[in-house]
Each structure stands twice: as C-alpha cells, then as structure tokens.
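Peer 1: I'd like to ask some things about the structure below.
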Amino acid sequence: QIFRDGLRRRRESEPGFEVVSEGADGIDAIRMARDSQPDILLLDVAMPRMGGVEALATLVNAGPRVILLTAAIQPADLLKAIQFGARGVVMKESATRLLIDGIHRVMDGKYIIGADVADDLAHAVKQVGAGRPRPFKLTAREMDIVSAIAGGQSNRQIAERLSISLQTVKHHLTSIFDKTGASNRLELALLAIREKVVDSD
C-alpha cells in the first residue's frame with residue numbers, strides 16, 4: 001500500500017498522466033484492466049493471490065501495454081513476460097524518472113528494459129529453434145544473426161562464429177532492422193522472443 005500510494009502521487013503530479021484505477025493483487029489488476037482499459041498497466045511481479053507474470057498471461061491481447069515492476073525477477077520469468085507481451089521491466093530501486101521516461105517510450109511503441117535485467121534476458125535465450133517457418137521473411141543467414149543477438153553476442157562475436165566479416169554482419173543487421181521494424185539490438189532480441197523467431201529452454 002505504501003509503495004502504491006507513492007507511485008500514484010508521483011504519477012498524478014506528472015503532466016499528461018492520470019491514474020484511473022489501482023489494486024492490491026493480480027486478480028484486482030485483471031478486473032480493473034478490463035473495466036478501466038488503461039493505456040499503460042503497471043504490474044508488480046510479486047503480488048498476492050496472483051503474481052504479475054501470471055496476470056500478464058491472462059491479459060494477453062486485452063489491450064493495455066504492460067510494464068512490470070519488480071525487486072527481482074528470474075530469467076525464465078523475464079522471458080515468459082516478454083513472450084506474454086510485456087513492453088517493459090523496471091526494477092523498483094530504479095529512479096522514478098526512468099519509469100516516467102519508460103512509460104512515454106512504451107506509449108511510442110518501444111520497449112523499456114533496465115540494464116539490471118538485460119543480461120538476464122540474454123542468458124535466458126540460449127537455444128535456437130529450427131525447422132519451422134520464420135516471420136518477417138528473414139533469410140537463413142539473417143536468422144543465424146538474430147539468434148546470436150538474442151543470445152547476447154556482439155557483432156564481432158557473430159562475425160567470428162559465422163566466419164564472415166564485421167561489415168557483412170552490419171549489412172545483414174541493416175536488412176534485419178528494415179524487415180522487423182526494430183530500431184536497436186535490444187528491441188530486436190525482444191521482438192525475436194515475442195514472435196517466437198527464437199526459442200529458449
């Protein structure tokens with residue numbers, strides 16, 4: 001309750017923000033998200049009765065863009081959250097400005113993933129799916145590069161792994177960004193996971 005009160009006051013003091021509803025647990029969040037239809041839904045990962053990731057799974061395609069707030073999150077839960085449609089993950093210890101800027105970023109159709117959890121996301125994506133149609137009309141080589149990026153590899157590591165030049169990697173990345181609409185490597189990795197371009201075990 002103390003955390004929610006502080007969060008509400010900070011949001012309401014910011015121009016352009018309106019808090020339309022709030023709840024104490026995941027079940028309340030689901031009900032109010034459907035009733036109030038907010039643009040942005042902030043979900044705590046560790047809520048009573050139903051956690052944020054489970055609530056998010058119930059709200060898939062329900063409308064609001066979801067940002068998860070958490071003190072800690074397991075890599076597997078982080079991966080599930082992205083697959084279920086979360087647009088951002090913000091640590092509770094982060095500065096308030098990060099969340100405010102993140103909300104604006106998510107409203108612009110982008111992702112917000114704190115540096116604290118970005119490494120966990122890369123580690124969660126290690127196994128690449130194979131043998132099925134891929135979205136975005138990516139070539140086999142482009143798929144290799146997307147998979148490597150989702151696994152946290154740098155351009156130089158990708159070049160060495162695939163035995164191609166660094167310039168060729170950059171050329172493929174330009175094509176991949178054009179096809180997927182991603183604007184950076186993190187968004188590409190998140191998009192690849194969400195659209196099941198890559199899998200993880």
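Going through the structure tokens in order, the chains are called A, B, and so on, while each chain numbers its residues from 1 and the ligands are numbered from 1 in the order shown.
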Using only C-alpha atoms, what does the table of range 34-89 of chain A residues within 12 Å of range 180-188 of chain A look like, with each row giving the shortest atom pair and its distance in Å to one decimal, sorted by chain and ascending number, as CSV?

Peer 2:
residue,atom,partner,partner_atom,distance
A:Ile82,CA,A:Glu187,CA,11.0
A:Arg87,CA,A:Glu187,CA,9.9
A:Gly88,CA,A:Glu187,CA,10.7

Peer 1: From a backbone DSSP assignment, name each residue in chain A labelled alpha helix (DSSP H), as a ChimeraX atom specification.

Peer 2: /A:2-12,26-36,52-58,75-83,96-107,115-124,140-150,155-162,166-180,185-194

Peer 1: Skipping near chain neighbours, those fewer than 4 positions away, what residues fall within 10 Å of Ile27 in chain A using only C-alpha atoms, listed as a PyMOL selection string?

Peer 2: chain A and resi 23+31-33+47-52+54-55+58

Peer 1: Could you check how far CA of Val60 in chain A sits from CA of Met107 in chain A, in Å to one decimal?

Peer 2: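 We find that CA of Val60 in chain A and CA of Met107 in chain A lie 17.2 Å from each other.
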
Peer 1: Using only C-alpha atoms, which protein or nucleic acid residues come within 10 Å of Leu41 in chain A? Drop anything in the same chain fewer than 2 positions from it, and give the result as a ChimeraX atom specification.

Peer 2: /A:19,21-22,29-30,32-33,37-39,43-44,56,63-68,86,103

Peer 1: Going by DSSP on the backbone, which bits of chain A are strand (DSSP E or B)? Write them as a list in words, please.

Peer 2: Ile40, Leu41, Leu42, Leu43, Asp44, Arg65, Val66, Ile67, Leu68, Leu69, Thr70, Gly88, Val89, Val90, Met91, Ile112 and Ile113 of chain A

Peer 1: What's around His104 in chain A at 12 Å? Count only C-alpha atoms, leave out sequence neighbours fewer than 3 positions away in its own chain, and write the answer as an MDAnalysis selection string.

Peer 2: chainID A and resid 14:17 39:40 65 67 87:88 97:101 107:112

Peer 1: Can you list, as a list in words, every protein, DNA or RNA residue that comes within 12 Å of Phe136 in chain A when you count only C-alpha atoms, leaving out same-chain residues fewer than 2 positions away?

Peer 2: Pro133, Arg134, Leu138, Thr139, Ala140, Glu142, Met143, Val146, Ser175, Ile176, Phe177, Asp178, Lys179, Thr180, Gly181, Ala182, Leu188, Leu191, Ala192, Glu195, Lys196 and Val197 of chain A

Peer 1: Using C-alpha atoms, can you write the selected residues to a file as a short mmCIF file (atom, residue, chain, number, x, y, z; two decimals), in the first residue's frame?

Peer 2:
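Output contents, as saved in result-v3.cif:
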data_model
loop_
_atom_site.label_atom_id
_atom_site.label_comp_id
_atom_site.auth_asym_id
_atom_site.auth_seq_id
_atom_site.Cartn_x
_atom_site.Cartn_y
_atom_site.Cartn_z
CA PRO A 133 8.66 -21.12 -40.93
CA ARG A 134 10.09 -17.80 -39.73
CA LEU A 138 14.28 -13.45 -42.85
CA THR A 139 16.92 -15.42 -44.73
CA ALA A 140 18.73 -18.35 -43.10
CA GLU A 142 19.68 -13.40 -41.02
CA MET A 143 18.09 -15.98 -38.72
CA VAL A 146 19.03 -12.75 -34.92
CA SER A 175 18.39 -5.65 -43.58
CA ILE A 176 17.06 -7.30 -40.40
CA PHE A 177 16.14 -3.96 -38.85
CA ASP A 178 14.33 -2.96 -42.05
CA LYS A 179 12.34 -6.22 -42.15
CA THR A 180 11.42 -6.36 -38.47
CA GLY A 181 10.98 -2.66 -37.72
CA ALA A 182 13.27 -2.95 -34.67
CA LEU A 188 15.30 -6.94 -31.99
CA LEU A 191 10.83 -8.96 -30.79
CA ALA A 192 12.51 -12.21 -31.77
CA GLU A 195 7.32 -13.51 -32.13
CA LYS A 196 8.97 -16.89 -31.45
CA VAL A 197 11.71 -16.30 -34.01
#

Peer 1: As a PyMOL selection string, please: the residues near Val169 in chain A (cut-off 9 Å, only C-alpha atoms, same-chain neighbours under 4 positions excluded).

Peer 2: chain A and resi 145+155-156+158-159+164-165+173-174

Peer 1: Could you tell me how far CA of Ala71 in chain A sits from CA of Phe84 in chain A, in Å to one decimal place?

Peer 2: 19.8 Å

Peer 1: Could you jot down the CA of Met91 in chain A to CA of Pro75 in chain A separation for me, Å, one decimal place?

Peer 2: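 Computed distance, CA of Met91 in chain A to CA of Pro75 in chain A, equals 13.7 Å.
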
Peer 1: Ranking A:Leu190, A:Ala150, A:Leu69, A:Ala81 by minimum distance to Ala57 in chain A and counting only C-alpha atoms, which one comes first?

Peer 2: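 Looking at the shortest contact to Ala57 in chain A, the residue is A:Ala81.
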
Peer 1: Just checking: using only C-alpha atoms, which residue out of A:Gly102, A:Ala189, A:Ala24, A:Ile73 ends up closest to Gly151 in chain A?

Peer 2: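 Among A:Gly102, A:Ala189, A:Ala24, A:Ile73, it is A:Ala189 that comes nearest to Gly151 in chain A.
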